[in-house]
2 protein chains.
Amino acid sequence: LSASLTEFELIARYFARAGLAANPAQDPAVVLGIGDDCALLNIPAGQQLALSLDVLVEGVHFPMAADPYLLAQRALAVNLSDLAAMGATPVGFSLGLTMPRAEPQWLDAFSAGLRDSATHYHCRLLGGDTTRGPLQLAIQVHGTVPAGQALRRSGAKVGDDVYVSNTLGAAALALQVLDGSLVTLSSEQRADLLRAYYQPEPQLCLGSALCCIASAAQDVSDGLLADLAHIAKASAVGMVLQANAVPVAPVVSDLVSQEQALLLALTGGDDYQLIFTANHAQRDNITQLAQQLTVRVTRIGRVVSGASVKVLDSQGVAMGFTQQGYQHF
Amino acid sequence: LSASLTEFELIARYFARAGLAANPAQDPAVVLGIGDDCALLNIPAGQQLALSLDVLVEGVHFPMAADPYLLAQRALAVNLSDLAAMGATPVGFSLGLTMPRAEPQWLDAFSAGLRDSATHYHCRLLGGDTTRGPLQLAIQVHGTVPAGQALRRSGAKVGDDVYVSNTLGAAALALQVLDGSLVTLSSEQRADLLRAYYQPEPQLCLGSALCCIASAAQDVSDGLLADLAHIAKASAVGMVLQANAVPVAPVVSDLVSQEQALLLALTGGDDYQLIFTANHAQRDNITQLAQQLTVRVTRIGRVVSGASVKVLDSQGVAMGFTQQGYQHF
């Protein structure tokens, strides 16, 4: 392979592969996949289309020389998490890939990572654009959600409970492994942290099941407090959280002080868990749902009037934080 | 404004502006626009969703220091042209914008260019991602097309006529103005060329009208011969073109030799005209359609058996070309 590899050859070799490329024979919503000016989708009656675009930039959103297989999985998962946060079911995705040169080994691993995730989440490649440039991935996911039932950020009501799925903090601590500042850990702990960062599990089943239960939802990408603040702002409410209720990932509690662990769970990003609010009357439904889906769901606070997200320590005193999650600029 | 400008402030200031951001009150297909985890669209019964993603990279697809107003217009037009090539009508677009820093003047001009095109083409911003990185634009357009009527590349039949809209070659010659190799021209000629490059007109009305008439279609992005070769390959046919029938842009004929002008029209890219094939029985319909839409449509050849796209000179002799359009790698 050399500079003479054209975009068409590259797509045919790496991206039209089985399990990755959308196929009308496998995917009932897909009318036409890769290879024409546009892809074509059928959106069933009674469903709305949910769509989200995220861009990942080398050196900003992922480390230089990141493992291409894992990078692909992270990129797709991050986008699928946006569908989960709306309660939508994946249909397919577009990929805009720019890279300095076409490296066969890199492309093979990258497209294998994409293929495995695309197959796992039933969200295959519909088309896109592959071109020369600094390494960046733009992924747009498409999903469907029953009309009128999408989970928005704007529906939280005073008195609602505030919930989060699974645990927080591991992806943020993984960044300290990746930048070399955390080196004293077992290989198992290292693997746990890197898995949390590179292979987050978009909470698609939970999101979909919450459509008739939650009043508002979003995923944790910038950090728990920053992302709850988005719900609070969109819903014109405040929130009060109990610090000791926030579920910290066990590997994080094992590796750093209790104070550090809480800070990572509250302000670290990249966990891609769901945060949501729901009426008090939904508590039993949510407990039952969590059991059915074998997802841990923790009630961490409540919605109040006001405009701020406060965290109370075990004495009921409001805690102060300087770092409010990742800022893009 | 400084480095403390957050993504949220930036979106609110530059991208949520009136005329640019999709608004459920204006756009019947838009259920939810900017500001949540996903945008939501209603796709009317009997319609399919057409979608296409293109990435433009500074220094590869547009010059360093390109005028941000014009760059925005080109980026959206290039993507809308993919909808035109399917016969689809625009619904809205997503934007993935990465830039080294948030420069107010640049952002103001860029978002004004996007706003003017979004309003003109009734294709407004649904959402996206804005982040730090080398200057790149990923745009994904969404449109609707009557179910089963989209114009594909694969429908050309032996005996069909081959057509192109308007004229070719000006965008390719504009590159010689932009790189400084063409300097002897009037300011009017210069303006004509730069308009062809930065503000191509996606042939949306023509594409939509061709849905029941053309057998195959695509837009000219890589060059007439290269793009006709895509139709030929997808349809498993060959084509024969008459060189003297190919409509060269007048400004190109005025500025370069006849031979150079033909080469630009055949192999230069970036014109975003439509090429399409149609049964001989459609000739009168196409003539009438072109008059109604005031679009020039020229019959330039015919579909034959085989696999190659040949160009015949005025003596009927096949011409040779080495440059077969832009290659992405």
# chains A, B, ... in the order shown; residues from 1 in each chain; ligands from 1
call {"tool": "residues_around", "arguments": {"residues": "Ala261 in chain A", "least_positions_apart": "6", "cutoff": "12 Å", "atoms": "only C-alpha atoms", "output": "PyMOL selection string"}}
result
chain A and resi 167-173+243-244+246-255+267-268
call {"tool": "calpha_fit_and_write", "arguments": {"fixed": "chain A", "moving": "chain B", "output": "short mmCIF file (atom, residue, chain, number, x, y, z; two decimals) with C-alpha atoms, in the first residue's frame"}}
result
data_model
loop_
_atom_site.label_atom_id
_atom_site.label_comp_id
_atom_site.auth_asym_id
_atom_site.auth_seq_id
_atom_site.Cartn_x
_atom_site.Cartn_y
_atom_site.Cartn_z
CA LEU B 1 -0.01 -0.03 0.00
CA SER B 2 1.23 3.43 -0.77
CA ALA B 3 0.16 6.98 -1.40
CA SER B 4 -1.65 5.65 -4.47
CA LEU B 5 -4.33 4.04 -2.31
CA THR B 6 -7.44 5.93 -3.33
CA GLU B 7 -10.33 6.82 -1.07
CA PHE B 8 -12.44 4.30 -2.95
CA GLU B 9 -9.96 1.45 -2.49
CA LEU B 10 -9.58 2.39 1.15
CA ILE B 11 -13.33 2.33 1.78
CA ALA B 12 -13.73 -0.94 -0.10
CA ARG B 13 -10.88 -2.57 1.82
CA TYR B 14 -11.45 -1.35 5.36
CA PHE B 15 -14.92 0.12 5.72
CA ALA B 16 -17.17 -1.95 3.47
CA ARG B 17 -16.23 -5.05 5.52
CA ALA B 18 -18.90 -7.44 6.77
CA GLY B 19 -20.32 -6.57 10.18
CA LEU B 20 -19.31 -2.91 9.83
CA ALA B 21 -21.06 -1.66 6.69
CA ALA B 22 -24.83 -1.30 6.95
CA ASN B 23 -26.62 -3.87 4.85
CA PRO B 24 -30.27 -3.52 3.82
CA ALA B 25 -30.59 -7.32 4.16
CA GLN B 26 -29.64 -7.16 7.86
CA ASP B 27 -30.82 -3.71 8.90
CA PRO B 28 -34.51 -3.19 8.13
CA ALA B 29 -34.25 0.60 8.49
CA VAL B 30 -31.43 0.83 5.93
CA VAL B 31 -32.58 1.31 2.33
CA LEU B 32 -29.15 2.19 0.91
CA GLY B 33 -25.76 2.16 2.64
CA ILE B 34 -22.20 3.04 1.61
CA GLY B 35 -21.38 3.94 -1.98
CA ASP B 36 -23.82 6.52 -3.32
CA ASP B 37 -24.13 10.28 -2.83
CA CYS B 38 -26.31 9.71 0.25
CA ALA B 39 -27.41 6.83 2.42
CA LEU B 40 -31.16 6.26 2.66
CA LEU B 41 -33.11 5.29 5.78
CA ASN B 42 -36.70 4.26 6.42
CA ILE B 43 -38.04 5.74 9.65
CA PRO B 44 -41.03 3.65 10.78
CA ALA B 45 -44.35 5.41 11.33
CA GLY B 46 -44.73 6.60 14.93
CA GLN B 47 -40.96 6.99 15.37
CA GLN B 48 -38.82 10.11 15.33
CA LEU B 49 -35.22 10.31 14.18
CA ALA B 50 -32.63 11.20 16.84
CA LEU B 51 -29.22 12.34 15.63
CA SER B 52 -26.01 13.54 17.22
CA LEU B 53 -22.56 14.47 15.90
CA ASP B 54 -19.36 14.33 17.96
CA VAL B 55 -15.82 15.08 16.89
CA LEU B 56 -12.76 13.52 18.52
CA VAL B 57 -9.42 15.21 17.90
CA GLU B 58 -6.02 13.59 18.47
CA GLY B 59 -4.19 15.28 21.32
CA VAL B 60 -7.40 16.90 22.60
CA HIS B 61 -9.91 14.07 23.08
CA PHE B 62 -7.59 11.11 22.90
CA PRO B 63 -3.85 10.63 23.35
CA MET B 64 -1.43 10.73 20.45
CA ALA B 65 -0.73 7.13 19.38
CA ALA B 66 -3.91 5.78 20.99
CA ASP B 67 -4.58 2.13 20.15
CA PRO B 68 -6.70 2.37 16.97
CA TYR B 69 -8.93 -0.60 17.89
CA LEU B 70 -9.82 0.96 21.24
CA LEU B 71 -10.07 4.47 19.81
CA ALA B 72 -12.68 3.29 17.31
CA GLN B 73 -14.68 1.68 20.10
CA ARG B 74 -14.51 4.77 22.26
CA ALA B 75 -15.56 7.04 19.39
CA LEU B 76 -18.65 5.02 18.60
CA ALA B 77 -19.56 4.49 22.28
CA VAL B 78 -19.36 8.21 23.04
CA ASN B 79 -21.82 8.91 20.25
CA LEU B 80 -24.15 6.04 21.10
CA SER B 81 -24.28 7.46 24.60
CA ASP B 82 -26.03 10.53 23.17
CA LEU B 83 -28.71 8.25 21.72
CA ALA B 84 -29.01 6.50 25.11
CA ALA B 85 -29.49 9.87 26.78
CA MET B 86 -32.51 10.54 24.51
CA GLY B 87 -33.93 7.04 24.98
CA ALA B 88 -33.28 6.27 21.30
CA THR B 89 -32.39 2.95 19.66
CA PRO B 90 -29.43 3.00 17.22
CA VAL B 91 -30.00 2.69 13.47
CA GLY B 92 -26.59 3.48 11.98
CA PHE B 93 -23.73 5.98 11.87
CA SER B 94 -21.68 8.12 9.48
CA LEU B 95 -17.92 8.48 9.82
CA GLY B 96 -15.75 11.43 8.85
CA LEU B 97 -12.16 10.24 9.19
CA THR B 98 -9.17 12.44 8.47
CA MET B 99 -5.65 11.09 8.88
CA PRO B 100 -2.21 12.18 7.77
CA ARG B 101 -1.68 9.04 5.65
CA ALA B 102 -3.38 5.73 4.95
CA GLU B 103 -1.55 3.23 7.19
CA PRO B 104 -2.76 -0.34 6.58
CA GLN B 105 -2.07 -1.61 10.10
CA TRP B 106 -3.77 1.35 11.74
CA LEU B 107 -6.77 1.17 9.40
CA ASP B 108 -7.14 -2.56 9.87
CA ALA B 109 -7.23 -2.28 13.67
CA PHE B 110 -9.41 0.83 13.61
CA SER B 111 -12.01 -0.69 11.30
CA ALA B 112 -11.96 -3.96 13.31
CA GLY B 113 -12.74 -1.99 16.48
CA LEU B 114 -15.55 -0.18 14.71
CA ARG B 115 -16.86 -3.45 13.28
CA ASP B 116 -16.97 -5.17 16.68
CA SER B 117 -18.82 -2.25 18.28
CA ALA B 118 -21.12 -1.74 15.29
CA THR B 119 -22.13 -5.39 15.45
CA HIS B 120 -22.49 -5.39 19.23
CA TYR B 121 -24.70 -2.29 19.31
CA HIS B 122 -26.56 -2.99 16.04
CA CYS B 123 -25.39 0.35 14.68
CA ARG B 124 -23.60 -0.05 11.38
CA LEU B 125 -21.76 2.29 9.03
CA LEU B 126 -24.02 4.15 6.59
CA GLY B 127 -21.40 6.23 4.81
CA GLY B 128 -19.08 9.13 5.34
CA ASP B 129 -15.90 10.71 4.14
CA THR B 130 -12.26 9.66 4.38
CA THR B 131 -9.61 12.18 3.59
CA ARG B 132 -6.10 13.42 4.32
CA GLY B 133 -5.63 15.72 7.32
CA PRO B 134 -4.72 15.74 11.00
CA LEU B 135 -6.15 12.69 12.81
CA GLN B 136 -9.79 13.40 13.69
CA LEU B 137 -12.96 11.38 13.86
CA ALA B 138 -16.38 12.89 13.31
CA ILE B 139 -19.15 10.42 14.03
CA GLN B 140 -22.82 11.08 13.56
CA VAL B 141 -25.20 8.50 15.03
CA HIS B 142 -28.82 8.05 14.05
CA GLY B 143 -31.49 6.37 16.12
CA THR B 144 -35.22 6.13 16.46
CA VAL B 145 -37.40 6.96 19.43
CA PRO B 146 -41.19 6.68 19.78
CA ALA B 147 -42.71 10.01 18.76
CA GLY B 148 -43.06 12.38 21.70
CA GLN B 149 -41.24 10.10 24.16
CA ALA B 150 -37.62 11.23 23.80
CA LEU B 151 -35.85 12.07 27.08
CA ARG B 152 -35.05 15.76 27.05
CA ARG B 153 -32.95 17.82 29.43
CA SER B 154 -35.77 20.23 30.05
CA GLY B 155 -38.30 18.10 31.92
CA ALA B 156 -36.97 18.03 35.51
CA LYS B 157 -39.50 19.22 38.13
CA VAL B 158 -38.97 20.46 41.67
CA GLY B 159 -39.35 17.48 44.00
CA ASP B 160 -38.04 14.91 41.45
CA ASP B 161 -35.32 12.49 42.50
CA VAL B 162 -31.90 12.59 40.80
CA TYR B 163 -30.31 9.30 39.70
CA VAL B 164 -27.10 8.07 38.10
CA SER B 165 -26.34 4.70 36.50
CA ASN B 166 -23.44 2.46 37.59
CA THR B 167 -20.33 4.18 39.00
CA LEU B 168 -18.25 7.25 38.26
CA GLY B 169 -14.63 8.38 38.30
CA ALA B 170 -12.76 5.57 36.55
CA ALA B 171 -12.48 7.23 33.14
CA ALA B 172 -11.11 10.41 34.72
CA LEU B 173 -8.53 8.42 36.71
CA ALA B 174 -7.59 6.58 33.50
CA LEU B 175 -6.36 9.91 32.12
CA GLN B 176 -3.73 9.90 34.89
CA VAL B 177 -2.58 6.48 33.69
CA LEU B 178 -2.48 7.67 30.09
CA ASP B 179 -0.46 10.79 30.91
CA GLY B 180 1.94 8.81 33.11
CA SER B 181 1.12 10.52 36.41
CA LEU B 182 -0.41 7.36 37.97
CA VAL B 183 2.03 4.46 37.78
CA THR B 184 1.61 2.57 41.08
CA LEU B 185 -1.22 0.17 40.29
CA SER B 186 -1.77 -3.48 39.46
CA SER B 187 -2.18 -4.62 35.89
CA GLU B 188 -5.79 -5.50 36.72
CA GLN B 189 -6.46 -1.99 38.05
CA ARG B 190 -4.79 -0.54 34.98
CA ALA B 191 -6.97 -2.67 32.70
CA ASP B 192 -10.12 -1.63 34.62
CA LEU B 193 -9.30 2.05 34.23
CA LEU B 194 -8.37 1.85 30.56
CA ARG B 195 -11.54 -0.15 29.84
CA ALA B 196 -13.60 2.57 31.50
CA TYR B 197 -11.93 5.18 29.29
CA TYR B 198 -11.75 3.38 25.94
CA GLN B 199 -14.75 1.08 26.14
CA PRO B 200 -17.50 2.86 28.04
CA GLU B 201 -20.84 1.10 27.70
CA PRO B 202 -23.51 3.39 26.32
CA GLN B 203 -26.60 2.83 28.49
CA LEU B 204 -28.92 2.16 25.56
CA CYS B 205 -31.25 -0.33 27.25
CA LEU B 206 -31.62 1.84 30.33
CA GLY B 207 -32.22 4.98 28.26
CA SER B 208 -34.85 3.28 26.14
CA ALA B 209 -36.62 1.84 29.21
CA LEU B 210 -36.64 5.25 30.93
CA CYS B 211 -38.70 6.89 28.15
CA CYS B 212 -41.97 6.65 30.10
CA ILE B 213 -40.37 6.97 33.54
CA ALA B 214 -37.74 9.72 33.67
CA SER B 215 -38.60 13.42 33.52
CA ALA B 216 -35.18 14.46 32.12
CA ALA B 217 -31.92 12.74 31.20
CA GLN B 218 -28.46 13.21 29.76
CA ASP B 219 -25.17 11.36 29.74
CA VAL B 220 -22.10 12.18 31.82
CA SER B 221 -19.48 13.38 29.38
CA ASP B 222 -18.12 16.60 30.89
CA GLY B 223 -18.53 15.55 34.54
CA LEU B 224 -21.44 14.79 36.89
CA LEU B 225 -21.80 18.33 38.26
CA ALA B 226 -21.32 20.03 34.90
CA ASP B 227 -23.81 17.73 33.20
CA LEU B 228 -26.40 17.97 35.99
CA ALA B 229 -26.03 21.73 35.63
CA HIS B 230 -27.15 21.37 31.99
CA ILE B 231 -30.33 19.61 33.08
CA ALA B 232 -30.84 22.20 35.82
CA LYS B 233 -30.42 25.07 33.36
CA ALA B 234 -32.66 23.54 30.68
CA SER B 235 -35.33 22.75 33.29
CA ALA B 236 -34.93 26.04 35.24
CA VAL B 237 -34.42 24.21 38.53
CA GLY B 238 -31.68 23.59 41.08
CA MET B 239 -30.42 20.33 42.57
CA VAL B 240 -29.06 19.13 45.90
CA LEU B 241 -26.86 16.03 45.94
CA GLN B 242 -25.67 13.92 48.89
CA ALA B 243 -21.91 13.45 48.48
CA ASN B 244 -21.91 10.10 50.25
CA ALA B 245 -24.60 8.77 47.89
CA VAL B 246 -22.51 9.36 44.73
CA PRO B 247 -21.38 5.91 43.48
CA VAL B 248 -17.60 5.95 43.07
CA ALA B 249 -16.00 3.21 40.94
CA PRO B 250 -14.36 0.64 43.29
CA VAL B 251 -11.05 0.81 41.40
CA VAL B 252 -10.97 4.56 42.06
CA SER B 253 -11.70 4.14 45.79
CA ASP B 254 -8.90 1.56 45.97
CA LEU B 255 -6.32 3.80 44.32
CA VAL B 256 -6.82 7.32 45.65
CA SER B 257 -7.97 9.08 48.83
CA GLN B 258 -11.67 9.31 49.61
CA GLU B 259 -11.57 13.04 48.90
CA GLN B 260 -9.82 12.56 45.56
CA ALA B 261 -12.21 9.78 44.61
CA LEU B 262 -15.24 11.97 45.29
CA LEU B 263 -13.72 14.81 43.28
CA LEU B 264 -13.12 12.48 40.31
CA ALA B 265 -16.68 11.15 40.54
CA LEU B 266 -18.19 14.64 40.73
CA THR B 267 -16.06 16.52 38.23
CA GLY B 268 -14.26 13.94 36.09
CA GLY B 269 -15.77 13.39 32.67
CA ASP B 270 -15.88 10.58 30.12
CA ASP B 271 -17.87 8.05 32.17
CA TYR B 272 -20.90 8.04 29.82
CA GLN B 273 -23.28 6.95 32.52
CA LEU B 274 -26.84 8.25 32.43
CA ILE B 275 -28.06 10.90 34.84
CA PHE B 276 -31.79 11.37 35.06
CA THR B 277 -34.58 12.81 37.14
CA ALA B 278 -37.90 11.16 37.93
CA ASN B 279 -40.97 11.78 40.01
CA HIS B 280 -40.93 10.30 43.51
CA ALA B 281 -43.81 8.00 42.46
CA GLN B 282 -41.43 6.22 40.05
CA ARG B 283 -39.06 4.90 42.74
CA ASP B 284 -40.39 1.32 42.69
CA ASN B 285 -40.49 1.25 38.88
CA ILE B 286 -36.89 2.38 38.73
CA THR B 287 -35.73 -0.19 41.29
CA GLN B 288 -37.49 -2.92 39.35
CA LEU B 289 -36.14 -1.70 36.02
CA ALA B 290 -32.58 -1.62 37.34
CA GLN B 291 -32.92 -5.22 38.53
CA GLN B 292 -34.34 -6.38 35.19
CA LEU B 293 -31.54 -4.71 33.23
CA THR B 294 -28.88 -5.59 35.84
CA VAL B 295 -27.80 -1.95 35.84
CA ARG B 296 -26.91 -0.28 39.11
CA VAL B 297 -29.03 2.83 39.53
CA THR B 298 -28.38 5.12 42.51
CA ARG B 299 -30.53 7.93 43.84
CA ILE B 300 -28.07 10.72 44.60
CA GLY B 301 -30.21 13.76 45.30
CA ARG B 302 -33.29 15.75 44.48
CA VAL B 303 -34.49 18.60 42.33
CA VAL B 304 -35.14 21.88 44.17
CA SER B 305 -36.12 25.36 43.17
CA GLY B 306 -33.24 27.66 42.29
CA ALA B 307 -30.54 27.44 39.66
CA SER B 308 -27.48 25.78 41.23
CA VAL B 309 -26.32 22.23 41.76
CA LYS B 310 -25.15 21.86 45.38
CA VAL B 311 -23.36 18.95 47.00
CA LEU B 312 -23.88 18.36 50.74
CA ASP B 313 -21.33 16.51 52.87
CA SER B 314 -22.35 13.97 55.53
CA GLN B 315 -22.98 16.86 57.98
CA GLY B 316 -25.32 18.53 55.47
CA VAL B 317 -22.84 21.33 54.72
CA ALA B 318 -22.50 22.54 51.09
CA MET B 319 -19.13 21.63 49.62
CA GLY B 320 -17.12 23.94 47.34
CA PHE B 321 -15.60 22.91 44.00
CA THR B 322 -13.44 24.88 41.63
CA GLN B 323 -13.29 22.40 38.75
CA GLN B 324 -16.67 22.16 37.05
CA GLY B 325 -15.95 19.59 34.38
CA TYR B 326 -14.19 19.74 31.05
CA GLN B 327 -14.42 22.93 29.02
CA HIS B 328 -14.02 22.62 25.26
CA PHE B 329 -12.15 25.95 24.90
#
call {"tool": "select_by_dssp", "arguments": {"residues": "range 199-234 of chain A", "states": "helix (DSSP H, G or I)", "output": "ChimeraX atom specification"}}
result
/A:204-212,224-234
call {"tool": "select_by_dssp", "arguments": {"residues": "range 114-329 of chain A", "states": "strand (DSSP E)", "output": "PyMOL selection string"}}
result
chain A and resi 124-132+136-146+161-165+216-219+238-242+274-278+297-304+309-312
call {"tool": "decode", "arguments": {"residues": "range 150-173 of chain A", "atoms": "N, CA, C and O atoms", "output": "CSV table (one decimal), in the first residue's frame"}}
result
chain,number,residue,atom,x,y,z
A,150,ALA,N,-39.1,11.0,23.6
A,150,ALA,CA,-37.6,11.2,23.8
A,150,ALA,C,-37.4,11.9,25.2
A,150,ALA,O,-38.1,12.7,25.6
A,151,LEU,N,-36.3,11.5,25.8
A,151,LEU,CA,-35.8,12.1,27.1
A,151,LEU,C,-35.1,13.4,26.8
A,151,LEU,O,-34.0,13.4,26.3
A,152,ARG,N,-35.7,14.5,27.2
A,152,ARG,CA,-35.0,15.8,27.1
A,152,ARG,C,-34.4,16.2,28.4
A,152,ARG,O,-34.6,15.7,29.4
A,153,ARG,N,-33.6,17.3,28.2
A,153,ARG,CA,-33.0,17.8,29.4
A,153,ARG,C,-33.9,18.7,30.2
A,153,ARG,O,-33.6,19.1,31.3
A,154,SER,N,-35.0,19.1,29.5
A,154,SER,CA,-35.8,20.2,30.0
A,154,SER,C,-37.0,19.8,30.9
A,154,SER,O,-37.8,20.7,31.3
A,155,GLY,N,-37.1,18.5,31.2
A,155,GLY,CA,-38.3,18.1,31.9
A,155,GLY,C,-38.2,17.9,33.4
A,155,GLY,O,-39.2,17.5,34.0
A,156,ALA,N,-37.1,18.2,34.0
A,156,ALA,CA,-37.0,18.0,35.5
A,156,ALA,C,-37.9,19.0,36.3
A,156,ALA,O,-38.0,20.1,35.9
A,157,LYS,N,-38.6,18.4,37.3
A,157,LYS,CA,-39.5,19.2,38.1
A,157,LYS,C,-39.0,19.2,39.6
A,157,LYS,O,-38.5,18.2,40.1
A,158,VAL,N,-39.3,20.3,40.2
A,158,VAL,CA,-39.0,20.5,41.7
A,158,VAL,C,-39.6,19.3,42.4
A,158,VAL,O,-40.8,19.0,42.2
A,159,GLY,N,-38.8,18.6,43.3
A,159,GLY,CA,-39.3,17.5,44.0
A,159,GLY,C,-38.9,16.1,43.4
A,159,GLY,O,-39.0,15.1,44.0
A,160,ASP,N,-38.5,16.1,42.1
A,160,ASP,CA,-38.0,14.9,41.4
A,160,ASP,C,-36.8,14.4,42.2
A,160,ASP,O,-36.0,15.2,42.7
A,161,ASP,N,-36.6,13.1,42.0
A,161,ASP,CA,-35.3,12.5,42.5
A,161,ASP,C,-34.3,12.6,41.4
A,161,ASP,O,-34.6,12.7,40.2
A,162,VAL,N,-33.0,12.6,41.7
A,162,VAL,CA,-31.9,12.6,40.8
A,162,VAL,C,-31.2,11.3,40.9
A,162,VAL,O,-30.8,10.8,42.0
A,163,TYR,N,-30.9,10.6,39.7
A,163,TYR,CA,-30.3,9.3,39.7
A,163,TYR,C,-29.1,9.3,38.8
A,163,TYR,O,-29.0,10.1,37.8
A,164,VAL,N,-28.2,8.3,39.0
A,164,VAL,CA,-27.1,8.1,38.1
A,164,VAL,C,-26.9,6.6,37.9
A,164,VAL,O,-27.2,5.8,38.9
A,165,SER,N,-26.5,6.1,36.7
A,165,SER,CA,-26.3,4.7,36.5
A,165,SER,C,-24.9,4.3,36.8
A,165,SER,O,-24.0,5.1,36.7
A,166,ASN,N,-24.7,3.1,37.3
A,166,ASN,CA,-23.4,2.5,37.6
A,166,ASN,C,-22.5,3.3,38.5
A,166,ASN,O,-23.0,3.9,39.4
A,167,THR,N,-21.3,3.4,38.1
A,167,THR,CA,-20.3,4.2,39.0
A,167,THR,C,-19.5,5.2,38.2
A,167,THR,O,-19.5,5.1,36.9
A,168,LEU,N,-18.9,6.1,38.9
A,168,LEU,CA,-18.2,7.2,38.3
A,168,LEU,C,-16.8,7.3,38.7
A,168,LEU,O,-16.4,6.8,39.7
A,169,GLY,N,-16.0,8.0,37.9
A,169,GLY,CA,-14.6,8.4,38.3
A,169,GLY,C,-13.5,7.6,37.6
A,169,GLY,O,-12.4,8.1,37.5
A,170,ALA,N,-13.8,6.4,37.1
A,170,ALA,CA,-12.8,5.5,36.6
A,170,ALA,C,-12.2,6.1,35.3
A,170,ALA,O,-10.9,6.1,35.1
A,171,ALA,N,-13.0,6.7,34.4
A,171,ALA,CA,-12.5,7.2,33.1
A,171,ALA,C,-11.6,8.4,33.4
A,171,ALA,O,-10.5,8.6,32.8
A,172,ALA,N,-11.9,9.2,34.4
A,172,ALA,CA,-11.1,10.4,34.7
A,172,ALA,C,-9.8,10.0,35.3
A,172,ALA,O,-8.7,10.5,35.0
A,173,LEU,N,-9.8,8.9,36.2
A,173,LEU,CA,-8.5,8.4,36.7
A,173,LEU,C,-7.7,7.8,35.6
A,173,LEU,O,-6.4,7.8,35.7
